[in-house]
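Source file: work34.cif. Holds: mmCIF, C-alpha atoms.
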```cif
data_target
#
loop_
_atom_site.label_atom_id
_atom_site.label_comp_id
_atom_site.auth_asym_id
_atom_site.auth_seq_id
_atom_site.Cartn_x
_atom_site.Cartn_y
_atom_site.Cartn_z
CA MET W 8 0.53 14.94 9.26
CA THR W 9 4.27 14.51 8.79
CA HIS W 10 4.45 12.45 11.97
CA ALA W 11 1.59 10.23 10.79
CA VAL W 12 3.39 9.45 7.54
CA ASN W 13 6.62 8.65 9.39
CA THR W 14 4.79 6.43 11.86
CA MET W 15 3.14 4.46 9.04
CA SER W 16 6.46 3.74 7.38
CA ASN W 17 8.07 2.59 10.63
CA THR W 18 5.36 0.14 11.62
CA TYR W 19 6.23 -2.42 9.00
CA GLN W 20 9.35 -3.34 7.13
CA ILE W 21 9.37 -6.43 4.93
CA ARG W 22 13.07 -7.15 4.92
CA GLY W 23 14.51 -8.32 8.20
CA SER W 24 11.23 -8.11 10.07
CA GLY W 25 10.82 -11.85 10.57
CA MET W 26 7.31 -11.54 9.19
CA ASP W 27 6.03 -14.83 7.86
CA ALA W 28 4.40 -15.39 4.48
CA LYS W 29 0.85 -15.48 5.85
CA LYS W 30 1.18 -12.07 7.46
CA LYS W 31 2.62 -10.61 4.26
CA LEU W 32 -0.28 -12.08 2.28
CA GLN W 33 -2.83 -10.80 4.80
CA ARG W 34 -1.39 -7.29 4.48
CA TYR W 35 -1.63 -7.26 0.67
CA SER W 36 -5.24 -6.06 0.45
CA TRP W 37 -4.71 -3.46 3.18
CA ILE W 38 -1.55 -2.16 1.50
CA GLU W 39 -3.33 -1.71 -1.82
CA ARG W 40 -6.17 0.22 -0.13
CA ASN W 41 -3.60 2.30 1.71
CA ILE W 42 -1.74 3.08 -1.52
CA LYS W 43 -5.02 4.21 -3.10
CA HIS W 44 -5.71 6.46 -0.11
CA LEU W 45 -2.21 7.98 -0.27
CA GLU W 46 -2.47 8.52 -4.03
CA ASP W 47 -5.83 10.26 -3.54
CA ARG W 48 -4.22 12.43 -0.88
CA LEU W 49 -1.39 13.30 -3.28
CA MET W 50 -3.89 14.37 -5.94
CA GLU W 51 -5.71 16.57 -3.43
CA MET W 52 -2.44 18.14 -2.36
CA GLU W 53 -1.41 18.76 -5.96
CA THR W 54 -4.72 20.56 -6.54
CA ASP W 55 -4.27 22.59 -3.35
CA ILE W 56 -0.70 23.53 -4.33
CA GLN W 57 -1.83 24.61 -7.80
CA ARG W 58 -4.69 26.63 -6.33
CA MET W 59 -2.40 28.30 -3.77
CA THR W 60 0.26 29.00 -6.39
CA GLN W 61 -2.37 30.59 -8.64
CA ARG W 62 -3.60 32.73 -5.73
CA PHE W 63 -0.02 33.57 -4.77
CA ASN W 64 0.84 34.70 -8.32
CA ASP W 65 -2.37 36.72 -8.81
CA MET W 66 -2.21 38.55 -5.48
CA PRO W 67 -1.07 42.11 -5.19
CA THR W 68 2.20 42.30 -3.30
CA ALA W 69 1.72 42.88 0.42
CA GLU W 70 4.31 42.88 3.17
CA GLY W 71 4.71 39.30 4.55
CA GLN W 72 1.89 37.86 2.46
CA HIS W 73 4.22 36.11 -0.01
CA ASP W 74 6.20 34.56 2.85
CA LYS W 75 3.02 33.10 4.34
CA TYR W 76 1.99 31.46 1.05
CA SER W 77 5.48 30.37 0.04
CA ASP W 78 6.02 28.72 3.47
CA LYS W 79 2.69 26.92 3.20
CA ILE W 80 3.46 25.76 -0.36
CA SER W 81 6.93 24.62 0.70
CA ASP W 82 5.46 22.62 3.61
CA MET W 83 2.92 21.01 1.29
CA ILE W 84 5.62 20.09 -1.22
CA ASP W 85 7.69 18.49 1.58
CA LEU W 86 4.68 16.51 2.77
CA LYS W 87 3.91 15.49 -0.80
CA LYS W 88 7.45 14.09 -1.12
CA GLU W 89 7.03 12.12 2.14
CA ILE W 90 3.75 10.65 0.92
CA ASN W 91 5.34 9.78 -2.44
CA ASP W 92 8.14 7.98 -0.59
CA GLU W 93 5.57 6.07 1.47
CA VAL W 94 3.69 5.04 -1.68
CA LEU W 95 6.94 3.74 -3.17
CA ARG W 96 7.69 1.70 -0.02
CA LYS W 97 4.22 0.19 -0.11
CA TRP W 98 4.53 -0.64 -3.83
CA LYS W 99 7.73 -2.51 -2.98
CA GLU W 100 5.78 -4.55 -0.41
CA VAL W 101 3.11 -5.33 -3.00
CA LYS W 102 5.73 -6.37 -5.55
CA GLU W 103 7.40 -8.69 -3.02
CA VAL W 104 4.08 -10.43 -2.34
CA GLU W 105 3.40 -10.69 -6.07
CA ARG W 106 6.81 -12.32 -6.59
CA MET W 107 5.99 -14.78 -3.80
CA ILE W 108 2.70 -15.65 -5.49
CA GLU W 109 4.32 -16.03 -8.91
CA SER W 110 6.72 -18.62 -7.46
CA LEU W 111 3.76 -20.95 -6.83
CA ASN W 112 2.09 -23.38 -9.22
CA GLU W 113 -1.18 -22.37 -10.91
CA THR W 114 -3.54 -23.97 -8.36
CA GLU W 115 -1.64 -22.45 -5.47
CA GLN W 116 -1.59 -19.04 -7.13
CA ASN W 117 -5.32 -19.23 -7.72
CA LEU W 118 -6.04 -20.07 -4.08
CA ILE W 119 -3.77 -17.34 -2.74
CA ARG W 120 -5.22 -14.73 -5.10
CA LEU W 121 -8.81 -15.68 -4.23
CA LYS W 122 -8.15 -15.72 -0.49
CA TYR W 123 -5.79 -12.78 0.02
CA ILE W 124 -6.17 -10.49 -2.97
CA ASP W 125 -9.88 -10.93 -3.72
CA CYS W 126 -10.56 -11.41 0.03
CA LEU W 127 -12.96 -14.33 -0.46
CA SER W 128 -13.99 -16.56 2.42
CA TRP W 129 -12.80 -20.17 2.54
CA VAL W 130 -16.24 -21.35 1.41
CA GLU W 131 -16.22 -18.93 -1.53
CA CYS W 132 -12.71 -20.09 -2.49
CA ALA W 133 -13.86 -23.72 -2.30
CA VAL W 134 -16.84 -23.03 -4.57
CA GLU W 135 -14.71 -21.06 -7.03
CA MET W 136 -12.03 -23.73 -7.21
CA SER W 137 -14.36 -26.76 -6.93
CA TYR W 138 -12.52 -28.16 -3.90
CA SER W 139 -13.75 -28.85 -0.39
CA TRP W 140 -12.79 -26.15 2.06
CA GLN W 141 -10.93 -28.79 4.09
CA HIS W 142 -8.77 -29.64 1.07
CA LEU W 143 -8.12 -25.94 0.50
CA HIS W 144 -6.88 -25.66 4.08
CA TYR W 145 -4.48 -28.52 3.39
CA ILE W 146 -3.23 -26.83 0.20
CA HIS W 147 -3.00 -23.52 2.04
CA LYS W 148 -0.85 -25.05 4.78
CA LYS W 149 1.50 -26.51 2.16
CA ILE W 150 1.73 -23.14 0.42
CA LEU W 151 2.61 -21.30 3.62
CA ASN W 152 5.26 -23.88 4.49
CA LYS W 153 6.72 -23.56 1.01
CA LEU W 154 6.78 -19.76 1.14
CA ASN W 155 8.23 -19.60 4.65
CA ILE W 156 11.11 -21.90 3.65
CA ARG W 157 12.15 -19.62 0.78
#
```

Final structure tokens representation of the file:
Amino acid sequence: MTHAVNTMSNTYQIRGSGMDAKKKLQRYSWIERNIKHLEDRLMEMETDIQRMTQRFNDMPTAEGQHDKYSDKISDMIDLKKEINDEVLRKWKEVKEVERMIESLNETEQNLIRLKYIDCLSWVECAVEMSYSWQHLHYIHKKILNKLNIR
């Protein structure tokens, strides 16, 4: 599991990656789902650690038994810290995208939020905003150009 967490954090770095605005926006929804998954995992681990600690404290002392539980608890605490670090990195990505969106005017923000955060189709965005989908594509292109220049 430790390797999986390290691999996730190495696959994407916002700063210095050369990633354009569209790719950052496309990742937003996935990142939020991933954060939720990691937070759920952290809660499960916290429950497991509490359960193991309770068992560890209530057990009669046996040769080597405490070492087994304390090693397992220590490993879980280390993994919990790694997951926490990963959640923090992902929250930084989310905050960067939110700052990008906030730099736009109201119409542009609305389109970007509908398309990338709410994950609506172009037709659904057009209906919601009362624009033709062709005009939304034009606005979208302008937005991406604006964001990539910054």

Distance query 12 Å from (8.0, -8.3, -4.1) using all atoms listed in the file, result as a PyMOL selection string: chain W and resi 21-22+28+31-32+35+96-110

Counting only C-alpha atoms, the residue of W:Ser137, W:His142, W:Ile80, W:His147 that sits nearest Tyr123 (chain W): W:His147

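Of the residues listed (W:Ile38, W:Leu118, W:Ile84, W:Met52), W:Leu118 shows the shortest atom-to-atom separation from Tyr138 (chain W); distances use all atoms listed in the file.
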
Computed interatomic separation between CA of Tyr145 (chain W) and CA of Gln116 (chain W) (Å):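 Rounded to one decimal, the two atoms are 14.5 Å apart.
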
Put the listed atoms of region 111-114 of chain W in a box along x, y and z with 5 Å added on every side and give me the centre and edge lengths in Å to one decimal, as JSON.
```
{"center_x": 0.1, "center_y": -22.5, "center_z": -8.9, "size_x": 17.3, "size_y": 13.0, "size_z": 14.1}
```

Between CA of Ile119 (chain W) and CA of Glu46 (chain W) - distance in Å to one decimal: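 Pair CA of Glu46 (chain W) / CA of Ile119 (chain W) returns 25.9 Å.
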
Between CA of Ile42 (chain W) and CA of Glu113 (chain W), distance in Å (one decimal):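 Taking CA of Ile42 (chain W) and CA of Glu113 (chain W), their separation equals 27.1 Å.
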
Closest of W:Leu111, W:Asp47, W:Ser36, W:Ser77 to Leu151 (chain W) - atom-to-atom distances counting only C-alpha atoms: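 Of W:Leu111, W:Asp47, W:Ser36, W:Ser77, the one nearest Leu151 (chain W) is W:Leu111, counting only C-alpha atoms.
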
Can I get region 122-136 of chain W with N, CA and C atoms filled in, as a PDB file, in the frame of the given file?
```pdb
ATOM      1  N   LYS W 122      -8.062 -15.914  -1.940  1.00  0.00           N
ATOM      2  CA  LYS W 122      -8.150 -15.720  -0.490  1.00  0.00           C
ATOM      3  C   LYS W 122      -7.620 -14.356  -0.053  1.00  0.00           C
ATOM      4  N   TYR W 123      -6.445 -13.975  -0.520  1.00  0.00           N
ATOM      5  CA  TYR W 123      -5.790 -12.780   0.020  1.00  0.00           C
ATOM      6  C   TYR W 123      -5.922 -11.526  -0.830  1.00  0.00           C
ATOM      7  N   ILE W 124      -6.055 -11.674  -2.122  1.00  0.00           N
ATOM      8  CA  ILE W 124      -6.170 -10.490  -2.970  1.00  0.00           C
ATOM      9  C   ILE W 124      -7.635 -10.143  -3.207  1.00  0.00           C
ATOM     10  N   ASP W 125      -8.439 -11.169  -3.524  1.00  0.00           N
ATOM     11  CA  ASP W 125      -9.880 -10.930  -3.720  1.00  0.00           C
ATOM     12  C   ASP W 125     -10.652 -10.954  -2.408  1.00  0.00           C
ATOM     13  N   CYS W 126      -9.992 -11.390  -1.326  1.00  0.00           N
ATOM     14  CA  CYS W 126     -10.560 -11.410   0.030  1.00  0.00           C
ATOM     15  C   CYS W 126     -11.827 -12.266   0.129  1.00  0.00           C
ATOM     16  N   LEU W 127     -11.828 -13.414  -0.544  1.00  0.00           N
ATOM     17  CA  LEU W 127     -12.960 -14.330  -0.460  1.00  0.00           C
ATOM     18  C   LEU W 127     -12.847 -15.171   0.809  1.00  0.00           C
ATOM     19  N   SER W 128     -13.983 -15.648   1.271  1.00  0.00           N
ATOM     20  CA  SER W 128     -13.990 -16.560   2.420  1.00  0.00           C
ATOM     21  C   SER W 128     -13.508 -17.932   1.951  1.00  0.00           C
ATOM     22  N   TRP W 129     -13.234 -18.816   2.909  1.00  0.00           N
ATOM     23  CA  TRP W 129     -12.800 -20.170   2.540  1.00  0.00           C
ATOM     24  C   TRP W 129     -13.885 -20.895   1.744  1.00  0.00           C
ATOM     25  N   VAL W 130     -15.132 -20.699   2.130  1.00  0.00           N
ATOM     26  CA  VAL W 130     -16.240 -21.350   1.410  1.00  0.00           C
ATOM     27  C   VAL W 130     -16.314 -20.818  -0.018  1.00  0.00           C
ATOM     28  N   GLU W 131     -16.187 -19.510  -0.190  1.00  0.00           N
ATOM     29  CA  GLU W 131     -16.220 -18.930  -1.530  1.00  0.00           C
ATOM     30  C   GLU W 131     -15.046 -19.435  -2.386  1.00  0.00           C
ATOM     31  N   CYS W 132     -13.878 -19.550  -1.767  1.00  0.00           N
ATOM     32  CA  CYS W 132     -12.710 -20.090  -2.490  1.00  0.00           C
ATOM     33  C   CYS W 132     -12.985 -21.530  -2.916  1.00  0.00           C
ATOM     34  N   ALA W 133     -13.572 -22.315  -2.009  1.00  0.00           N
ATOM     35  CA  ALA W 133     -13.860 -23.720  -2.300  1.00  0.00           C
ATOM     36  C   ALA W 133     -14.835 -23.840  -3.473  1.00  0.00           C
ATOM     37  N   VAL W 134     -15.864 -23.012  -3.473  1.00  0.00           N
ATOM     38  CA  VAL W 134     -16.840 -23.030  -4.570  1.00  0.00           C
ATOM     39  C   VAL W 134     -16.154 -22.624  -5.878  1.00  0.00           C
ATOM     40  N   GLU W 135     -15.390 -21.571  -5.832  1.00  0.00           N
ATOM     41  CA  GLU W 135     -14.710 -21.060  -7.030  1.00  0.00           C
ATOM     42  C   GLU W 135     -13.747 -22.079  -7.619  1.00  0.00           C
ATOM     43  N   MET W 136     -13.057 -22.810  -6.739  1.00  0.00           N
ATOM     44  CA  MET W 136     -12.030 -23.730  -7.210  1.00  0.00           C
ATOM     45  C   MET W 136     -12.538 -25.177  -7.333  1.00  0.00           C
TER      46      MET W 136
END
```
